[in-house]
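S.K.: Okay, here's the structure, questions in a sec.
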Amino acid sequence: MTVTKKILIAYATVHGSTAEIAEFMGQMFGENHFDVTVANVETLESVAGYDAYILGSAIHAGMWLTPMSRFLDRFEGELAKQPLYFFITCIRILEPDGYQHALENYVHRDTLEKIGARDIAIFAGKLRLDAIDLRDRWTLSLRYDGSQAPGMLNDDYRDWNAIRNWTARVRSELEKSVL
Ligand SMILES: Cc1cc2nc3c(=O)[nH]c(=O)nc-3n(C[C@H](O)[C@H](O)[C@H](O)COP(=O)(O)O)c2cc1C
């Protein structure tokens, strides 16, 4: 008898592109008969009853978003009990040392170790300067820590193949594991 595995894909976003990635992952899991819930971390009152978690956040000003921090603080104990995968979206990854930089600076390793994250993916995000307000533009120009002017990085850089490949790998690990 096959038991349907319940997966929670929870995301933190400001401008919606990380949510679209989470929805895309949700569809991939749904196609393989997982029972998948995709939700904004801000709407979740409980994380009980899931067999695995995939958490994702956009990066703003060098760190994952505050709603993701609150979510991790609140549910750390429960999240640590099941397999957990983490991803971030950012533009720094487009620069030559971007992957390493993001890994070393944009994620709080102690927290991810505490909740037992099995893998951390870093995906290129989407940044459309005409779609963000003046305050966000200021934050970006003052806090972006890459060598390129953030105004030069103004596009949808999401690499759906990379996202698909990572999700397929996670899905296959979860299919195989006895949860
Ligand atoms: C105000 C602001 C600050 C940002 N800060 C960073 C940053 O420090 N490093 C980085 O690599 N990307 C940064 N980004 C780019 C975002 O991570 C990227 O656009 C992401 O895809 C946004 O996801 P969202 O659409 O889900 O909010 C910033 C974007 C904005 C709007």
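Residues are named by chain letter and number: chains run A, B, ... in the order of the structure tokens, numbers start at 1 in each chain, and ligands are numbered from 1 in the order shown.
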Quick one: residues within 7 Å of ligand 1, with only C-alpha atoms and all ligand atoms, as JSON, numbers by chain?

M.R.: {"A": [12, 13, 14, 15, 16, 17, 18, 19, 57, 58, 59, 60, 61, 62, 63, 89, 90, 91, 92, 93, 124, 125, 126, 127, 132, 136, 137, 139, 140, 143, 144, 145]}

S.K.: Using only C-alpha atoms, please write the residues we just selected to a file, as a PDB file, in the first residue's frame.

M.R.:
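That gives us part-v3.pdb:
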ATOM      1  CA  ALA A  12       8.260  34.451   2.073  1.00  0.00           C
ATOM      2  CA  THR A  13       8.001  37.018  -0.706  1.00  0.00           C
ATOM      3  CA  VAL A  14       7.635  40.744  -1.253  1.00  0.00           C
ATOM      4  CA  HIS A  15       7.046  41.001  -4.973  1.00  0.00           C
ATOM      5  CA  GLY A  16       5.663  37.559  -5.728  1.00  0.00           C
ATOM      6  CA  SER A  17       8.430  35.869  -7.708  1.00  0.00           C
ATOM      7  CA  THR A  18       9.403  33.495  -4.886  1.00  0.00           C
ATOM      8  CA  ALA A  19       5.734  32.572  -4.497  1.00  0.00           C
ATOM      9  CA  SER A  57      12.529  33.135   0.903  1.00  0.00           C
ATOM     10  CA  ALA A  58      13.506  36.103  -1.191  1.00  0.00           C
ATOM     11  CA  ILE A  59      16.617  37.949  -0.026  1.00  0.00           C
ATOM     12  CA  HIS A  60      16.287  41.615   0.846  1.00  0.00           C
ATOM     13  CA  ALA A  61      19.175  43.688   2.131  1.00  0.00           C
ATOM     14  CA  GLY A  62      21.413  40.677   2.582  1.00  0.00           C
ATOM     15  CA  MET A  63      19.106  38.391   4.552  1.00  0.00           C
ATOM     16  CA  THR A  89      16.047  33.775  -4.391  1.00  0.00           C
ATOM     17  CA  CYS A  90      18.403  36.683  -4.967  1.00  0.00           C
ATOM     18  CA  ILE A  91      20.274  38.595  -7.667  1.00  0.00           C
ATOM     19  CA  ARG A  92      23.754  38.285  -6.147  1.00  0.00           C
ATOM     20  CA  ILE A  93      23.988  34.796  -7.594  1.00  0.00           C
ATOM     21  CA  ALA A 124      18.357  33.728  -9.360  1.00  0.00           C
ATOM     22  CA  GLY A 125      15.280  35.855  -8.728  1.00  0.00           C
ATOM     23  CA  LYS A 126      13.322  38.541 -10.466  1.00  0.00           C
ATOM     24  CA  LEU A 127      13.925  42.233 -10.083  1.00  0.00           C
ATOM     25  CA  ILE A 132       9.265  48.401  -6.873  1.00  0.00           C
ATOM     26  CA  ASP A 136      12.692  49.555  -1.931  1.00  0.00           C
ATOM     27  CA  ARG A 137      14.869  51.230  -4.534  1.00  0.00           C
ATOM     28  CA  THR A 139      17.139  49.902   0.253  1.00  0.00           C
ATOM     29  CA  LEU A 140      18.499  48.176  -2.802  1.00  0.00           C
ATOM     30  CA  ARG A 143      22.296  47.686   0.895  1.00  0.00           C
ATOM     31  CA  TYR A 144      23.003  45.589  -2.175  1.00  0.00           C
ATOM     32  CA  ASP A 145      26.459  44.117  -1.560  1.00  0.00           C
TER      33      ASP A 145
END

S.K.: As an MDAnalysis selection string, please: the residues near region 71-81 of chain A (cut-off 12 Å, only C-alpha atoms, same-chain neighbours under 6 positions excluded).

M.R.: chainID A and resid 7:12 40:57 64:65 108 110:118 179

S.K.: Could you please take those selected residues and save C-alpha atoms as a CSV table (one decimal), in the first residue's frame?

M.R.:
chain,number,residue,atom,x,y,z
A,7,ILE,CA,4.5,18.2,1.9
A,8,LEU,CA,4.4,21.8,2.9
A,9,ILE,CA,6.0,24.3,0.6
A,10,ALA,CA,6.1,27.6,2.6
A,11,TYR,CA,7.5,30.8,1.2
A,12,ALA,CA,8.3,34.5,2.1
A,40,ASN,CA,2.8,32.1,2.4
A,41,VAL,CA,4.6,31.7,5.8
A,42,GLU,CA,2.5,34.7,7.1
A,43,THR,CA,-0.7,32.7,6.7
A,44,LEU,CA,0.4,29.6,8.5
A,45,GLU,CA,-0.8,28.9,12.1
A,46,SER,CA,0.5,25.4,12.2
A,47,VAL,CA,3.0,23.1,10.5
A,48,ALA,CA,1.7,19.9,12.1
A,49,GLY,CA,1.0,16.8,10.1
A,50,TYR,CA,3.4,17.2,7.3
A,51,ASP,CA,6.0,14.6,6.3
A,52,ALA,CA,8.5,17.1,4.8
A,53,TYR,CA,9.0,20.8,4.4
A,54,ILE,CA,10.4,23.0,1.6
A,55,LEU,CA,10.9,26.6,2.7
A,56,GLY,CA,11.9,29.4,0.5
A,57,SER,CA,12.5,33.1,0.9
A,64,TRP,CA,16.0,36.3,4.2
A,65,LEU,CA,12.8,38.1,4.9
A,108,HIS,CA,21.8,32.0,8.8
A,110,ASP,CA,23.1,28.0,12.7
A,111,THR,CA,19.3,28.3,12.2
A,112,LEU,CA,19.4,26.0,9.2
A,113,GLU,CA,21.5,23.5,11.1
A,114,LYS,CA,19.1,23.6,14.1
A,115,ILE,CA,16.2,22.7,11.9
A,116,GLY,CA,18.3,20.1,10.0
A,117,ALA,CA,18.1,21.6,6.5
A,118,ARG,CA,19.2,18.8,4.1
A,179,LEU,CA,9.2,9.0,6.3

S.K.: Which residue gives the smallest distance to Ser172 (chain A) among A:Pro67, A:Asn32, A:Asp119, A:Pro96, with only C-alpha atoms counted?

M.R.: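 The answer is A:Asn32, which sits nearest to Ser172 (chain A).
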
S.K.: So which residues of region 29-73 of chain A fall under helix (DSSP H, G or I) by DSSP, listed as a list in words?

M.R.: Phe29, Gly30, Glu31, Val41, Glu42, Thr43, Thr66, Pro67, Met68, Ser69, Arg70, Phe71, Leu72 and Asp73 of chain A

S.K.: Would you save the residues of that selection, restricted to C-alpha atoms, as an mmCIF file, in the first residue's frame?

M.R.:
data_model
loop_
_atom_site.group_PDB
_atom_site.id
_atom_site.type_symbol
_atom_site.label_atom_id
_atom_site.label_comp_id
_atom_site.auth_asym_id
_atom_site.auth_seq_id
_atom_site.Cartn_x
_atom_site.Cartn_y
_atom_site.Cartn_z
ATOM 1 C CA PHE A 29 5.022 17.425 -6.406
ATOM 2 C CA GLY A 30 1.307 17.234 -7.220
ATOM 3 C CA GLU A 31 2.059 15.440 -10.498
ATOM 4 C CA VAL A 41 4.557 31.706 5.817
ATOM 5 C CA GLU A 42 2.523 34.658 7.060
ATOM 6 C CA THR A 43 -0.718 32.710 6.718
ATOM 7 C CA THR A 66 11.525 38.891 8.405
ATOM 8 C CA PRO A 67 8.349 36.765 8.021
ATOM 9 C CA MET A 68 10.622 33.768 7.325
ATOM 10 C CA SER A 69 12.668 34.518 10.474
ATOM 11 C CA ARG A 70 9.472 34.724 12.537
ATOM 12 C CA PHE A 71 8.177 31.497 11.029
ATOM 13 C CA LEU A 72 11.438 29.676 11.793
ATOM 14 C CA ASP A 73 11.498 30.995 15.371
#

S.K.: Contacts of Gly26 (chain A) at 8 Å or less, counting only C-alpha atoms, minus same-chain residues fewer than 6 places along, as a PyMOL selection string?

M.R.: chain A and resi 9+36-38

S.K.: Go through A:Met28, A:Leu94, A:Leu142, A:Leu129 one by one, measure the shortest atom-to-atom distance of each to Ile163 (chain A) using only C-alpha atoms, and give the residue with the smallest value.

M.R.: A:Met28

S.K.: One decimal, Å: what's the distance from CA of Ile120 (chain A) over to CA of Tyr85 (chain A), could you say?

M.R.: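 Straight-line distance from CA of Ile120 (chain A) to CA of Tyr85 (chain A) works out to 6.3 Å.
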
S.K.: Mind giving me the straight-line distance from CA of Arg164 (chain A) to CA of Met25 (chain A) in Å, one decimal?

M.R.: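 Calculated distance between CA of Arg164 (chain A) and CA of Met25 (chain A) is 7.5 Å.
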